[in-house]
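Single-structure report; data block below.
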Amino acid sequence: MKSLYVFILFIILAILQIAVPTQMIFDREGVLNSGTAYKFRTEPVDPSDPFKGKYIVLSYDVDQIKTEDKNWQRHQEVFITIENDSLGFAEPISVSIDQPQSGDYVTAKVDWYSNYDSSLHFSLPFNEFYMEESKAYDAEVAHRDAQRDSLPNNTYALVYVMKGNAVLDNVFINDIPIAEFVEQ
Amino acid sequence: MNSKLIKELPELITNNVISQEVASNIEEYYQSKHSNAPNRLFTVFGVLGSLLVGLGIILILAHNWDGFTRETKTIFAFLPLLIGQCFTAFSILKHKSKAWKEASGTFLFFAIGSSISLVSQIYNIPGDLGTYVLTWIVLSLPLIYLLKSNAVAILNIIFISFYAFDMGYGYFSVNQTPWLYLVLMTVILPHYIKLLKHQRTENITSIFNWLFPLSLIIVLGTFVNTISELGFLMYLLLFSLFYNIGKLPFFDHQKLRKNGYLVFGSLGIVIMALTMSFDGFWYMERFFLNAQETYISLLLFVVNLAILIYAYSHKWLKEFNLFQYVFILFTVLYVLGLNIPVFGTLIVNLIVLALGITTVKIGADKFHFGVLNYGLIIITALVACRFLDTSMSFVIRGLLFVSVGLGFFLTNYIMLKKQKANVKSLKH
């Protein structure tokens, strides 16, 4: 009888163990399916994670916004409203502590506020892109090589955005997915 | 050891040292004691196997196979988890042996971690290691009690300590205190207490006797925010607490290698005291009454005192042992001796010397060469430290070293002689 209770408790635990990763998947799939796609200009560098494997850290060109408000705290969470610029890349429009009521926005963490040019510097959270272990470093090199041609920064991340949730779908160099670009 | 004894038995019989009857009694005794040994071996290898397979799966998945679609990768994320759960469910339902439960629990533990990490990988979910490990711990912690598994408990202690370490000492985590560490460790505590009650002399319990204090030693530093001066007192109080726990008859009557509390406590007290014996230490810049560090120190002090009073009321404090009371001296020094370097340094040096002598005395009383020489090493370390920061003349320093060296020879020699005399008197 006692082992039956233990077994029932275990089944509950097992369901929870499955539910956590499943919930993670559903959250992201929802954004990927119904969110709006934005292109963020970016630069990759190559660190590693002991459990999750190799990834490239993306350093985004969108990392500051002009604002007269000077009252910010480091690591504070803020909402950045974004729009596409004339070239079709994401650019920040406004920043606020409260959740915006309209438009697309992403969350970001405050880095620092510069009084000199009255701009707020921030970090976007979706800055880890996982790659096959042999390709992560090549990706960094490929980006550097691609920079040498005449075009301005031609590496961008495709990010789906919905109600502040952002899912990084892929990274492109010259409109080719980075994993394929590396193979060339 | 025991098999060696059994092998010697025929020789002892032929030489008429023991009778045939005694020999068969001895053999029988050890055989009855050993009846559950193969099972234990199974458990160890089962756990080891699961551990390696589990870690291997995490590494293989971390390669991040490009060739698979998102769906295939997702299936792979859940596959180890489901297999682990099936094995665990099977061993619970079928009342399988301890080996089964430990092995399946260990495998499931790693499967949980690999499934979360693979999903984060597939969807490029950013997130710090701390949060990831915390999710992992929370999802695996109940397994300790459902499977009564020591392996899962040990793995959880290691990961909980890692979580606290990452949060408290990490580069981005200035002024963060991992309070959750205390909650998670408290959840494991009943399992440990049960082990102490029912299997107190088993090897598995002694692993916990080492792991629990070690984890606390590593993590205590994360509870120091800004007043690092008080951190030294906190550590001294913690080591003193371990020493006093280790001196309770429950632990003290066990072998030293099974009493992690006593070993950590003694070594820690000596190292902290030596650190504080330097001149520069006693220049304190600030001393806040209303700070996290003060409250934790106070708590540790009260617990220390409570254990002492408890031990006193049970008449366990037969002989005076300075190690057990040294925390009171240091706390008083902290309250009174701040910013009076001469005072602090002088007294601490005397305390370390007294600790060394106490240890030598304990070693001599117990006829234990290890403890005796440990005491002499404490005194040597004290002398070596003073070598660094005093302006004594070389002659005096030289004489000090020669006298300590002679001390080593003499005490060991006297003890050897005494021991021989004892053996002789036993013979006659």
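Chain lettering (A, B, ...) mirrors the order of the structure tokens, residue numbering begins at 1 for each chain separately, and ligand numbering begins at 1 in order of display.
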
Excluding Asp175 in chain A and residues on its chain fewer than 3 positions from it, collect all residues at most 10 Å away from it, counting only C-alpha atoms, and give them as a list in words.
-> Asn154, Thr155, Tyr156, Val171, Phe172, Ile178 and Phe181 of chain A

Listing only residues of chain B within 10 Å of chain A, what is the closest atom pair and its distance in Å (to one decimal) for each, using only C-alpha atoms, sorted by chain and residue number ascending, as a Markdown table?
```
| residue | atom | partner | partner_atom | distance |
| --- | --- | --- | --- | --- |
| B:Leu55 | CA | A:Phe51 | CA | 9.4 |
| B:Ile58 | CA | A:Phe51 | CA | 6.7 |
| B:Leu59 | CA | A:Phe51 | CA | 7.2 |
| B:Ile60 | CA | A:Gly53 | CA | 9.2 |
| B:Leu61 | CA | A:Gly53 | CA | 7.8 |
| B:Ala62 | CA | A:Gly53 | CA | 4.1 |
| B:His63 | CA | A:Glu133 | CA | 5.3 |
| B:Asn64 | CA | A:Glu132 | CA | 4.5 |
| B:Trp65 | CA | A:Glu132 | CA | 5.7 |
| B:Asp66 | CA | A:Glu132 | CA | 5.9 |
| B:Gly67 | CA | A:Glu132 | CA | 9.3 |
| B:Thr74 | CA | A:Ile25 | CA | 8.8 |
| B:Ala77 | CA | A:Pro21 | CA | 8.8 |
| B:Phe78 | CA | A:Ile18 | CA | 7.7 |
| B:Leu81 | CA | A:Ile18 | CA | 7.8 |
| B:Leu82 | CA | A:Ile18 | CA | 8.3 |
| B:Gly84 | CA | A:Ala14 | CA | 9.8 |
| B:Gln85 | CA | A:Ala14 | CA | 6.6 |
| B:Cys86 | CA | A:Ala14 | CA | 9.5 |
| B:Thr88 | CA | A:Phe10 | CA | 8.6 |
| B:Ala89 | CA | A:Phe7 | CA | 6.9 |
| B:Phe90 | CA | A:Phe7 | CA | 9.4 |
| B:Ser91 | CA | A:Phe7 | CA | 9.7 |
| B:Ile92 | CA | A:Phe7 | CA | 6.3 |
| B:Leu93 | CA | A:Phe7 | CA | 6.6 |
| B:Lys94 | CA | A:Ser3 | CA | 9.1 |
| B:His95 | CA | A:Ser3 | CA | 7.9 |
| B:Leu108 | CA | A:Ala14 | CA | 9.9 |
| B:Ala111 | CA | A:Gln17 | CA | 9.7 |
| B:Ile112 | CA | A:Gln17 | CA | 6.8 |
| B:Gly113 | CA | A:Phe51 | CA | 8.4 |
| B:Ser114 | CA | A:Phe51 | CA | 7.8 |
| B:Ser115 | CA | A:Pro21 | CA | 6.8 |
| B:Ile116 | CA | A:Pro21 | CA | 5.5 |
| B:Ser117 | CA | A:Lys52 | CA | 5.4 |
| B:Leu118 | CA | A:Lys52 | CA | 6.6 |
| B:Val119 | CA | A:Pro21 | CA | 6.4 |
| B:Ser120 | CA | A:Lys52 | CA | 7.7 |
| B:Gln121 | CA | A:Tyr130 | CA | 5.8 |
| B:Ile122 | CA | A:Tyr130 | CA | 7.4 |
| B:Tyr123 | CA | A:Arg28 | CA | 6.9 |
| B:Asn124 | CA | A:Phe129 | CA | 5.4 |
| B:Ile125 | CA | A:Phe126 | CA | 7.0 |
| B:Pro126 | CA | A:Glu128 | CA | 5.7 |
| B:Gly127 | CA | A:Pro125 | CA | 8.3 |
| B:Leu129 | CA | A:Asp49 | CA | 8.6 |
| B:Tyr132 | CA | A:Phe51 | CA | 9.8 |
| B:Val133 | CA | A:Phe51 | CA | 9.9 |
| B:Thr135 | CA | A:Val20 | CA | 8.6 |
| B:Trp136 | CA | A:Gln17 | CA | 9.0 |
| B:Val138 | CA | A:Gln17 | CA | 9.5 |
| B:Leu139 | CA | A:Gln17 | CA | 6.0 |
| B:Ser140 | CA | A:Gln17 | CA | 8.2 |
| B:Leu141 | CA | A:Leu13 | CA | 9.9 |
| B:Pro142 | CA | A:Leu13 | CA | 7.6 |
| B:Leu143 | CA | A:Phe10 | CA | 7.8 |
| B:Tyr145 | CA | A:Val6 | CA | 9.0 |
| B:Leu146 | CA | A:Val6 | CA | 5.9 |
| B:Leu147 | CA | A:Val6 | CA | 8.5 |
| B:Phe172 | CA | A:His75 | CA | 9.8 |
```

Would you mind listing what lies within 12 Å of range 397-403 of chain B as a CSV table (one decimal) with N, CA and C atoms, in the first residue's frame, with only C-alpha atoms counted and same-chain residues fewer than 6 positions away left out?
```
chain,number,residue,atom,x,y,z
B,376,LEU,N,52.4,19.7,17.2
B,376,LEU,CA,53.7,20.3,16.9
B,376,LEU,C,53.7,21.1,15.6
B,377,ILE,N,53.0,20.6,14.6
B,377,ILE,CA,52.9,21.3,13.3
B,377,ILE,C,52.2,22.7,13.6
B,379,ILE,N,52.4,24.5,16.2
B,379,ILE,CA,53.4,25.4,16.8
B,379,ILE,C,54.4,25.8,15.8
B,380,THR,N,54.8,24.9,14.9
B,380,THR,CA,55.8,25.2,13.9
B,380,THR,C,55.2,26.3,12.9
B,381,ALA,N,53.9,26.1,12.6
B,381,ALA,CA,53.3,27.1,11.7
B,381,ALA,C,53.2,28.4,12.3
B,382,LEU,N,53.0,28.5,13.6
B,382,LEU,CA,53.0,29.8,14.3
B,382,LEU,C,54.3,30.4,14.2
B,383,VAL,N,55.4,29.6,14.5
B,383,VAL,CA,56.7,30.2,14.4
B,383,VAL,C,57.0,30.7,13.0
B,384,ALA,N,56.6,29.9,12.0
B,384,ALA,CA,56.9,30.2,10.6
B,384,ALA,C,56.2,31.5,10.3
B,385,CYS,N,55.0,31.7,10.7
B,385,CYS,CA,54.3,32.9,10.4
B,385,CYS,C,55.0,34.1,11.0
B,386,ARG,N,55.4,34.0,12.3
B,386,ARG,CA,56.1,35.1,12.9
B,386,ARG,C,57.4,35.4,12.2
B,387,PHE,N,58.0,34.4,11.6
B,387,PHE,CA,59.2,34.6,10.8
B,387,PHE,C,58.9,35.7,9.7
B,388,LEU,N,57.7,35.8,9.2
B,388,LEU,CA,57.4,36.7,8.1
B,388,LEU,C,57.2,38.1,8.6
B,389,ASP,N,56.6,38.3,9.7
B,389,ASP,CA,56.2,39.7,10.0
B,389,ASP,C,56.8,40.3,11.3
B,390,THR,N,57.8,39.7,11.8
B,390,THR,CA,58.4,40.4,13.0
B,390,THR,C,59.9,40.7,12.7
B,391,SER,N,60.4,41.6,13.4
B,391,SER,CA,61.8,42.1,13.2
B,391,SER,C,62.7,41.5,14.2
B,409,PHE,N,61.6,15.9,18.1
B,409,PHE,CA,62.3,14.7,18.4
B,409,PHE,C,62.0,14.2,19.8
B,410,LEU,N,62.0,15.1,20.8
B,410,LEU,CA,61.9,14.7,22.2
B,410,LEU,C,60.5,14.1,22.5
B,411,THR,N,59.4,14.9,22.0
B,411,THR,CA,58.1,14.4,22.4
B,411,THR,C,57.8,13.0,21.7
```

List every residue of range 3-112 of chain B that DSSP, applied to the backbone, labels as alpha helix (DSSP H), and write the result as a PyMOL selection string.
-> chain B and resi 3-14+20-33+37-62+70-93+98-112

Could the residues in this selection be written to a file with C-alpha atoms, as a PDB file, in the first residue's frame?
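File written: selection05.pdb
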```pdb
ATOM      1  CA  SER B   3      39.894 -11.957   4.648  1.00  0.00           C
ATOM      2  CA  LYS B   4      43.515 -11.615   5.710  1.00  0.00           C
ATOM      3  CA  LEU B   5      42.548 -12.685   9.202  1.00  0.00           C
ATOM      4  CA  ILE B   6      40.654 -15.696   7.890  1.00  0.00           C
ATOM      5  CA  LYS B   7      43.669 -16.721   5.786  1.00  0.00           C
ATOM      6  CA  GLU B   8      45.856 -16.613   8.894  1.00  0.00           C
ATOM      7  CA  LEU B   9      43.525 -18.908  10.845  1.00  0.00           C
ATOM      8  CA  PRO B  10      45.016 -22.291   9.754  1.00  0.00           C
ATOM      9  CA  GLU B  11      48.487 -21.082  10.728  1.00  0.00           C
ATOM     10  CA  LEU B  12      47.233 -19.988  14.120  1.00  0.00           C
ATOM     11  CA  ILE B  13      45.642 -23.401  14.673  1.00  0.00           C
ATOM     12  CA  THR B  14      48.734 -25.393  13.689  1.00  0.00           C
ATOM     13  CA  GLN B  20      39.757 -25.174  16.083  1.00  0.00           C
ATOM     14  CA  GLU B  21      36.538 -24.078  17.741  1.00  0.00           C
ATOM     15  CA  VAL B  22      37.615 -20.490  18.130  1.00  0.00           C
ATOM     16  CA  ALA B  23      38.770 -20.443  14.509  1.00  0.00           C
ATOM     17  CA  SER B  24      35.445 -21.636  13.169  1.00  0.00           C
ATOM     18  CA  ASN B  25      33.662 -19.127  15.390  1.00  0.00           C
ATOM     19  CA  ILE B  26      35.733 -16.292  13.961  1.00  0.00           C
ATOM     20  CA  GLU B  27      35.102 -17.501  10.416  1.00  0.00           C
ATOM     21  CA  GLU B  28      31.383 -17.763  11.010  1.00  0.00           C
ATOM     22  CA  TYR B  29      31.221 -14.283  12.520  1.00  0.00           C
ATOM     23  CA  TYR B  30      32.847 -12.611   9.534  1.00  0.00           C
ATOM     24  CA  GLN B  31      30.842 -14.618   7.045  1.00  0.00           C
ATOM     25  CA  SER B  32      27.524 -13.613   8.614  1.00  0.00           C
ATOM     26  CA  LYS B  33      28.727 -10.012   8.601  1.00  0.00           C
ATOM     27  CA  ALA B  37      28.439  -7.197   0.781  1.00  0.00           C
ATOM     28  CA  PRO B  38      27.889  -8.255  -2.877  1.00  0.00           C
ATOM     29  CA  ASN B  39      24.675  -6.216  -2.902  1.00  0.00           C
ATOM     30  CA  ARG B  40      26.573  -3.160  -1.758  1.00  0.00           C
ATOM     31  CA  LEU B  41      29.125  -3.656  -4.501  1.00  0.00           C
ATOM     32  CA  PHE B  42      26.293  -3.842  -7.033  1.00  0.00           C
ATOM     33  CA  THR B  43      24.944  -0.548  -5.759  1.00  0.00           C
ATOM     34  CA  VAL B  44      28.288   1.194  -6.095  1.00  0.00           C
ATOM     35  CA  PHE B  45      28.857  -0.043  -9.636  1.00  0.00           C
ATOM     36  CA  GLY B  46      25.253   0.620 -10.615  1.00  0.00           C
ATOM     37  CA  VAL B  47      25.510   4.220  -9.450  1.00  0.00           C
ATOM     38  CA  LEU B  48      28.906   4.666 -11.068  1.00  0.00           C
ATOM     39  CA  GLY B  49      27.598   3.265 -14.346  1.00  0.00           C
ATOM     40  CA  SER B  50      24.508   5.487 -14.327  1.00  0.00           C
ATOM     41  CA  LEU B  51      26.646   8.485 -13.454  1.00  0.00           C
ATOM     42  CA  LEU B  52      28.964   7.931 -16.408  1.00  0.00           C
ATOM     43  CA  VAL B  53      26.170   7.125 -18.872  1.00  0.00           C
ATOM     44  CA  GLY B  54      24.199  10.171 -17.710  1.00  0.00           C
ATOM     45  CA  LEU B  55      27.156  12.510 -18.016  1.00  0.00           C
ATOM     46  CA  GLY B  56      28.031  10.964 -21.381  1.00  0.00           C
ATOM     47  CA  ILE B  57      24.529  11.657 -22.721  1.00  0.00           C
ATOM     48  CA  ILE B  58      24.803  15.297 -21.645  1.00  0.00           C
ATOM     49  CA  LEU B  59      28.106  15.624 -23.466  1.00  0.00           C
ATOM     50  CA  ILE B  60      26.845  13.904 -26.625  1.00  0.00           C
ATOM     51  CA  LEU B  61      23.803  16.169 -26.729  1.00  0.00           C
ATOM     52  CA  ALA B  62      25.984  19.217 -26.101  1.00  0.00           C
ATOM     53  CA  ARG B  70      14.059  20.814 -34.474  1.00  0.00           C
ATOM     54  CA  GLU B  71      11.488  18.016 -34.019  1.00  0.00           C
ATOM     55  CA  THR B  72      14.073  15.215 -33.964  1.00  0.00           C
ATOM     56  CA  LYS B  73      16.190  17.142 -31.490  1.00  0.00           C
ATOM     57  CA  THR B  74      13.139  17.621 -29.280  1.00  0.00           C
ATOM     58  CA  ILE B  75      12.472  13.876 -29.274  1.00  0.00           C
ATOM     59  CA  PHE B  76      16.082  13.290 -28.249  1.00  0.00           C
ATOM     60  CA  ALA B  77      15.653  15.788 -25.445  1.00  0.00           C
ATOM     61  CA  PHE B  78      12.841  13.732 -23.928  1.00  0.00           C
ATOM     62  CA  LEU B  79      14.104  10.232 -24.671  1.00  0.00           C
ATOM     63  CA  PRO B  80      16.639   9.896 -21.795  1.00  0.00           C
ATOM     64  CA  LEU B  81      14.123  11.463 -19.418  1.00  0.00           C
ATOM     65  CA  LEU B  82      11.408   8.961 -20.332  1.00  0.00           C
ATOM     66  CA  ILE B  83      13.806   6.003 -20.132  1.00  0.00           C
ATOM     67  CA  GLY B  84      15.008   7.157 -16.709  1.00  0.00           C
ATOM     68  CA  GLN B  85      11.446   7.588 -15.500  1.00  0.00           C
ATOM     69  CA  CYS B  86      10.464   4.109 -16.724  1.00  0.00           C
ATOM     70  CA  PHE B  87      13.370   2.488 -14.884  1.00  0.00           C
ATOM     71  CA  THR B  88      12.614   4.437 -11.725  1.00  0.00           C
ATOM     72  CA  ALA B  89       8.895   3.629 -11.886  1.00  0.00           C
ATOM     73  CA  PHE B  90       9.762  -0.029 -12.422  1.00  0.00           C
ATOM     74  CA  SER B  91      12.064  -0.178  -9.408  1.00  0.00           C
ATOM     75  CA  ILE B  92       9.437   1.491  -7.195  1.00  0.00           C
ATOM     76  CA  LEU B  93       6.526  -0.699  -8.344  1.00  0.00           C
ATOM     77  CA  LYS B  98      18.617  -0.793  -3.307  1.00  0.00           C
ATOM     78  CA  ALA B  99      21.051  -1.128  -6.214  1.00  0.00           C
ATOM     79  CA  TRP B 100      18.197  -0.717  -8.710  1.00  0.00           C
ATOM     80  CA  LYS B 101      16.802   2.315  -6.963  1.00  0.00           C
ATOM     81  CA  GLU B 102      20.135   4.072  -6.594  1.00  0.00           C
ATOM     82  CA  ALA B 103      21.165   3.407 -10.194  1.00  0.00           C
ATOM     83  CA  SER B 104      17.862   4.393 -11.790  1.00  0.00           C
ATOM     84  CA  GLY B 105      17.674   7.506  -9.578  1.00  0.00           C
ATOM     85  CA  THR B 106      21.155   8.592 -10.600  1.00  0.00           C
ATOM     86  CA  PHE B 107      20.359   8.124 -14.270  1.00  0.00           C
ATOM     87  CA  LEU B 108      17.085  10.023 -13.954  1.00  0.00           C
ATOM     88  CA  PHE B 109      18.904  12.855 -12.173  1.00  0.00           C
ATOM     89  CA  PHE B 110      21.140  13.430 -15.178  1.00  0.00           C
ATOM     90  CA  ALA B 111      18.308  12.877 -17.651  1.00  0.00           C
ATOM     91  CA  ILE B 112      16.411  15.788 -16.050  1.00  0.00           C
TER      92      ILE B 112
END
```

Residue contacts of range 77-90 of chain A (6 Å, only C-alpha atoms) excluding same-chain residues fewer than 5 positions away, as a ChimeraX atom specification = /A:38-40,95-97,104-109

Applying 9 Å and only C-alpha atoms, which residues near range 215-230 of chain B remain after dropping the ones on its own chain fewer than 3 positions away? List them as a CSV table (one decimal) with C-alpha atoms, in the first residue's frame.
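Resulting contents of result.csv:
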```
chain,number,residue,atom,x,y,z
B,157,ILE,CA,24.2,18.4,-2.2
B,158,ILE,CA,26.9,19.0,-4.8
B,160,ILE,CA,23.0,22.9,-4.4
B,161,SER,CA,26.5,24.0,-3.3
B,162,PHE,CA,27.4,24.7,-6.9
B,164,ALA,CA,25.1,28.8,-4.1
B,165,PHE,CA,28.7,29.2,-5.2
B,167,MET,CA,25.2,32.9,-7.2
B,168,GLY,CA,27.3,34.1,-4.3
B,169,TYR,CA,30.8,34.3,-5.8
B,174,VAL,CA,27.8,41.2,-6.2
B,175,ASN,CA,25.8,41.4,-3.0
B,176,GLN,CA,23.6,38.5,-3.7
B,177,THR,CA,23.0,36.1,-0.9
B,178,PRO,CA,21.8,32.5,-1.8
B,179,TRP,CA,19.3,32.2,1.0
B,181,TYR,CA,20.7,27.3,-0.3
B,210,TRP,CA,32.3,15.0,5.3
B,211,LEU,CA,30.1,16.4,2.5
B,212,PHE,CA,27.7,18.4,4.7
B,233,LEU,CA,34.8,35.6,12.7
B,234,MET,CA,31.9,33.9,10.9
B,235,TYR,CA,34.2,31.2,9.6
B,238,LEU,CA,31.5,27.8,11.9
B,239,PHE,CA,34.6,25.8,12.4
B,264,PHE,CA,37.3,20.2,9.4
B,281,PHE,CA,44.7,41.9,10.6
B,284,MET,CA,39.4,47.3,11.3
B,285,GLU,CA,37.8,50.0,9.3
B,286,ARG,CA,34.2,49.6,10.2
B,287,PHE,CA,32.0,47.6,12.4
B,288,PHE,CA,28.3,47.7,11.8
B,291,ALA,CA,24.3,44.0,9.3
B,292,GLN,CA,23.6,40.6,7.8
B,293,GLU,CA,27.1,39.4,8.9
B,294,THR,CA,26.5,40.4,12.5
B,296,ILE,CA,24.8,35.3,11.2
B,297,SER,CA,27.8,35.6,13.5
B,334,TYR,CA,36.3,41.1,18.0
```

Take CA of His121 in chain A and CA of Ile65 in chain A and report the distance between them in Å, one decimal.
->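 Between CA of His121 in chain A and CA of Ile65 in chain A the gap is 6.7 Å.
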
Which residue gives the smallest distance to Ser277 in chain B among B:Phe320, B:Tyr192, B:Phe251, B:Phe343, with only C-alpha atoms counted?
->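 With only C-alpha atoms as the atom set, the closest residue is B:Phe343.
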
Any idea what the distance is between CA of Leu333 in chain B and CA of Asn244 in chain B?
->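 Separation of CA of Leu333 in chain B and CA of Asn244 in chain B: 20.1 Å.
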
If you measure from CA of Met276 in chain B to CA of Val302 in chain B, what distance in Å do you get, rounded to one decimal?
-> 22.0 Å

Fewer than 2 positions away in the same chain doesn't count, so skip those; otherwise give me all residues within 9 Å of Ala37 in chain A, counting only C-alpha atoms, as a list of chain:residue names.
->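 Neighbouring residues, sequence-local ones excluded: A:Leu32, A:Gly35, A:Lys39, A:Leu158, A:Val159, A:Tyr160, A:Val161.
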
Written file, previous selection with C-alpha atoms, as a compact mmCIF listing (two decimals), in the first residue's frame:
```
# COMPACT_ATOMS: atom_id res chain seq x y z
CA LEU A 32 7.78 31.56 -33.33
CA GLY A 35 5.17 36.61 -33.32
CA LYS A 39 16.23 41.49 -37.98
CA LEU A 158 16.25 36.77 -36.94
CA VAL A 159 14.18 37.23 -33.80
CA TYR A 160 10.46 36.58 -33.35
CA VAL A 161 8.78 38.99 -30.98
```
